[in-house]
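Below is one structure; the comments refer to it alone.
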Amino acid sequence: MTVPVNEGQATDAAVSAAASLQREGVFDHAVLNLHYDLDAGEQLFRALGFNVTPRSYHTLGSMNNLIVFGTNYLELIGLDPSNPNPRKELLDWPVGLNGLVYGSDDIDVTAARLRAAKLPVLEPKSFSREVVIEGVADEARFRTVHLDPGYFSASRLYFCEHQTPHLVWHRAFMSHHNSAHSLKRLAIVADDFDAQAQSLTRVLGLRPDPDARVWSRGTRVDFVSRKRLDNLYHGHADPGSGKTKVAVMGIGVASISALKAAMQPSLAQKLVDIDKSCSLLPASECFGVAIEFLATNVSLV
């Protein structure tokens, strides 16, 4: 499910729907792990025409900026060099898109469901971060439960209960100059792509389709071989060095022309036009993950 956003402008209906949506099993957000390079990530996404939220600091010892869409978002996460106790779970993963997060309405209920399915679940945790919206400071609060990091080799995989969703999906954050409005799909490259798809769907209580695509409410996750990835994106989506990884994130935009007009010209020149409705920013330009921009009128195939 996505909330329609006209030319990247957040409406009251979009904000209300995002804040009140039952989130169990909905794709919540993807995490671009930048280690100590969060400043560069923030600069890149601003140059791409996104409305990037102000820097915020977690009680867990990390810091982030968000790119907020209709019912999901992209989190840019990094480590504060002045903090002597950086989050080990972030350092244990390389720089790149390696956080897949699904929604929960009650993290204790979600954790119990996962345990009942005999899945390797860690203990739930609670944390918060200060947010400042239109000059007013508040506290965004979350509860999460993670799968054991050895369960899903492509990414950290966990569920998030938003206790203050209105502080994430706020109209101040949801309008983007480049007309972006949703995180539509992620492509994971893996030699054992069928097995990886089964691992994800077991967590979600779903089944992958015959093409190893996982359809949940919100962002679709595609599992592909290295050869198929190369064929789809003409070699511009870096498959890495033989490791399972998230290689592509697909972001919906109202139009490719609006996207290009809002971008810094030097970046627009680096886009690869796959067709009239799809342009790709190569993985070499974005911390090892390619960004696929898809016009609104394109159906996922």
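Here's how to read the names in the structure tokens: chain A, B, ... by the order shown, residue numbers from 1 in each chain, ligand numbers from 1 in the order shown.
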
Counting only C-alpha atoms, which residues of stretch 14-117 of chain A fall within 12 Å of stretch 159-171 of chain A, and what is the closest atom pair for each with its distance in Å at one decimal, ordered by chain and rising number, as a Markdown table?
```
| residue | atom | partner | partner_atom | distance |
| --- | --- | --- | --- | --- |
| A:Ala14 | CA | A:Arg171 | CA | 8.5 |
| A:Val15 | CA | A:Trp169 | CA | 5.9 |
| A:Ser16 | CA | A:His166 | CA | 8.3 |
| A:Ala17 | CA | A:Trp169 | CA | 9.3 |
| A:Ala18 | CA | A:Trp169 | CA | 6.3 |
| A:Ala19 | CA | A:Pro165 | CA | 5.2 |
| A:Ser20 | CA | A:Pro165 | CA | 8.0 |
| A:Leu21 | CA | A:Pro165 | CA | 9.6 |
| A:Gln22 | CA | A:Glu161 | CA | 10.4 |
| A:Arg23 | CA | A:Glu161 | CA | 8.1 |
| A:Glu24 | CA | A:Phe159 | CA | 8.5 |
| A:Gly25 | CA | A:Phe159 | CA | 8.4 |
| A:Val26 | CA | A:Phe159 | CA | 9.6 |
| A:Phe27 | CA | A:Phe159 | CA | 9.1 |
| A:Asp28 | CA | A:Cys160 | CA | 7.5 |
| A:His29 | CA | A:Cys160 | CA | 9.1 |
| A:Ala30 | CA | A:Phe159 | CA | 11.3 |
| A:Asn51 | CA | A:Arg171 | CA | 10.9 |
| A:Val52 | CA | A:Val168 | CA | 11.9 |
| A:Thr53 | CA | A:Val168 | CA | 9.5 |
| A:Pro54 | CA | A:Val168 | CA | 11.6 |
| A:Ser56 | CA | A:Val168 | CA | 11.6 |
| A:Asn65 | CA | A:Val168 | CA | 10.9 |
| A:Leu66 | CA | A:Val168 | CA | 8.6 |
| A:Ile67 | CA | A:Val168 | CA | 9.8 |
| A:Val68 | CA | A:Trp169 | CA | 6.7 |
| A:Phe69 | CA | A:Trp169 | CA | 7.7 |
| A:Gly70 | CA | A:Trp169 | CA | 7.7 |
| A:Thr71 | CA | A:Trp169 | CA | 7.8 |
| A:Asn72 | CA | A:Trp169 | CA | 8.7 |
| A:Tyr73 | CA | A:Trp169 | CA | 8.9 |
| A:Leu74 | CA | A:Val168 | CA | 11.3 |
| A:Glu75 | CA | A:Val168 | CA | 10.9 |
| A:Gly99 | CA | A:Phe159 | CA | 10.5 |
| A:Leu100 | CA | A:Phe159 | CA | 8.5 |
| A:Val101 | CA | A:Phe159 | CA | 5.3 |
| A:Tyr102 | CA | A:Phe159 | CA | 4.7 |
| A:Gly103 | CA | A:Cys160 | CA | 5.1 |
| A:Ser104 | CA | A:Glu161 | CA | 4.7 |
| A:Asp105 | CA | A:Glu161 | CA | 5.7 |
| A:Asp106 | CA | A:Glu161 | CA | 6.2 |
| A:Ile107 | CA | A:Glu161 | CA | 5.9 |
| A:Asp108 | CA | A:Glu161 | CA | 9.6 |
| A:Val109 | CA | A:Glu161 | CA | 10.6 |
| A:Thr110 | CA | A:Phe159 | CA | 7.8 |
| A:Ala111 | CA | A:Phe159 | CA | 8.8 |
| A:Arg113 | CA | A:Phe159 | CA | 11.8 |
| A:Leu114 | CA | A:Phe159 | CA | 10.5 |
```

Expected answer as an MDAnalysis selection string: helix (DSSP H, G or I) residues in stretch 69-144 of chain A | chainID A and resid 88:91 107:116

Would you mind exporting N, CA and C atoms of the selected residues as a CSV table (one decimal), in the first residue's frame?
```csv
chain,number,residue,atom,x,y,z
A,88,LYS,N,28.0,-1.6,17.7
A,88,LYS,CA,28.7,-2.7,17.1
A,88,LYS,C,28.0,-3.4,16.0
A,89,GLU,N,26.6,-3.4,16.1
A,89,GLU,CA,25.8,-4.1,15.0
A,89,GLU,C,26.0,-3.4,13.7
A,90,LEU,N,26.3,-2.1,13.7
A,90,LEU,CA,26.5,-1.4,12.5
A,90,LEU,C,27.9,-1.6,11.9
A,91,LEU,N,28.9,-1.6,12.8
A,91,LEU,CA,30.2,-1.9,12.4
A,91,LEU,C,30.4,-3.3,11.9
A,107,ILE,N,5.5,-4.9,19.5
A,107,ILE,CA,6.7,-5.7,19.3
A,107,ILE,C,6.7,-7.0,20.1
A,108,ASP,N,6.1,-7.0,21.3
A,108,ASP,CA,6.0,-8.2,22.1
A,108,ASP,C,5.2,-9.3,21.3
A,109,VAL,N,4.1,-8.9,20.7
A,109,VAL,CA,3.3,-9.9,19.9
A,109,VAL,C,4.1,-10.4,18.7
A,110,THR,N,4.8,-9.5,18.1
A,110,THR,CA,5.6,-9.9,16.9
A,110,THR,C,6.7,-10.8,17.3
A,111,ALA,N,7.4,-10.5,18.4
A,111,ALA,CA,8.5,-11.4,18.9
A,111,ALA,C,7.9,-12.8,19.3
A,112,ALA,N,6.7,-12.8,19.9
A,112,ALA,CA,6.1,-14.1,20.2
A,112,ALA,C,5.8,-14.9,19.0
A,113,ARG,N,5.3,-14.2,17.9
A,113,ARG,CA,5.0,-14.9,16.7
A,113,ARG,C,6.2,-15.5,16.1
A,114,LEU,N,7.3,-14.8,16.1
A,114,LEU,CA,8.6,-15.3,15.5
A,114,LEU,C,9.1,-16.5,16.3
A,115,ARG,N,9.0,-16.4,17.6
A,115,ARG,CA,9.5,-17.5,18.4
A,115,ARG,C,8.7,-18.7,18.2
A,116,ALA,N,7.4,-18.6,18.0
A,116,ALA,CA,6.5,-19.7,17.8
A,116,ALA,C,6.8,-20.4,16.5
```

Rank nothing, just name the residue among A:Ser182, A:Ser241, A:Ser225, A:Gln264 nearest to A:Glu292, using only C-alpha atoms.
->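 Nearest to A:Glu292: A:Ser182.
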
Tell me which protein, DNA and RNA residues are within 9 Å of A:Pro239, counting only C-alpha atoms, leaving out same-chain ones fewer than 5 positions away, and put them as JSON, numbers by chain.
-> {"A": [188, 189, 190, 226, 229, 230, 244, 245, 246, 247, 288, 289]}

Polymer residues at most 8 Å from A:Ser126, only C-alpha atoms, same-chain spacing of 2 or more positions, as a ChimeraX atom specification = /A:124,128,141-144

Restricting it to C-alpha atoms, dump the selection as a compact mmCIF listing (two decimals), in the first residue's frame.
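Writing done, so here's selection_11.txt:
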```
# COMPACT_ATOMS: atom_id res chain seq x y z
CA PRO A 124 13.31 -6.72 22.02
CA SER A 128 14.53 7.00 21.25
CA ARG A 141 10.30 6.48 20.52
CA PHE A 142 10.69 2.99 19.05
CA ARG A 143 10.72 -0.68 20.00
CA THR A 144 12.41 -3.26 17.79
```

From the DSSP assignment of the backbone, select every residue of stretch 50-250 of chain A that is strand (DSSP E), and format the answer as JSON, numbers by chain.
-> {"A": [56, 57, 62, 63, 64, 65, 66, 67, 68, 73, 74, 75, 76, 77, 78, 79, 96, 97, 98, 99, 100, 101, 102, 103, 125, 126, 127, 128, 129, 130, 131, 132, 133, 136, 137, 138, 139, 140, 141, 142, 143, 144, 145, 146, 156, 157, 158, 159, 160, 161, 162, 180, 181, 182, 183, 184, 185, 186, 187, 188, 189, 213, 214, 220, 221, 222, 223, 224, 245, 246, 247, 248, 249, 250]}

Which residue out of A:Val95, A:Met63, A:Val248, A:Leu48 has the minimum interatomic distance to A:His35 when only C-alpha atoms are used?
->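 Of the candidates, the smallest distance to A:His35 is held by A:Val95.
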
Find the residue from A:Leu183, A:Cys286, A:Ala154, A:Val272 that sits nearest to A:Lys243; use only C-alpha atoms when measuring.
->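 Using only C-alpha atoms, the shortest distance to A:Lys243 belongs to A:Ala154.
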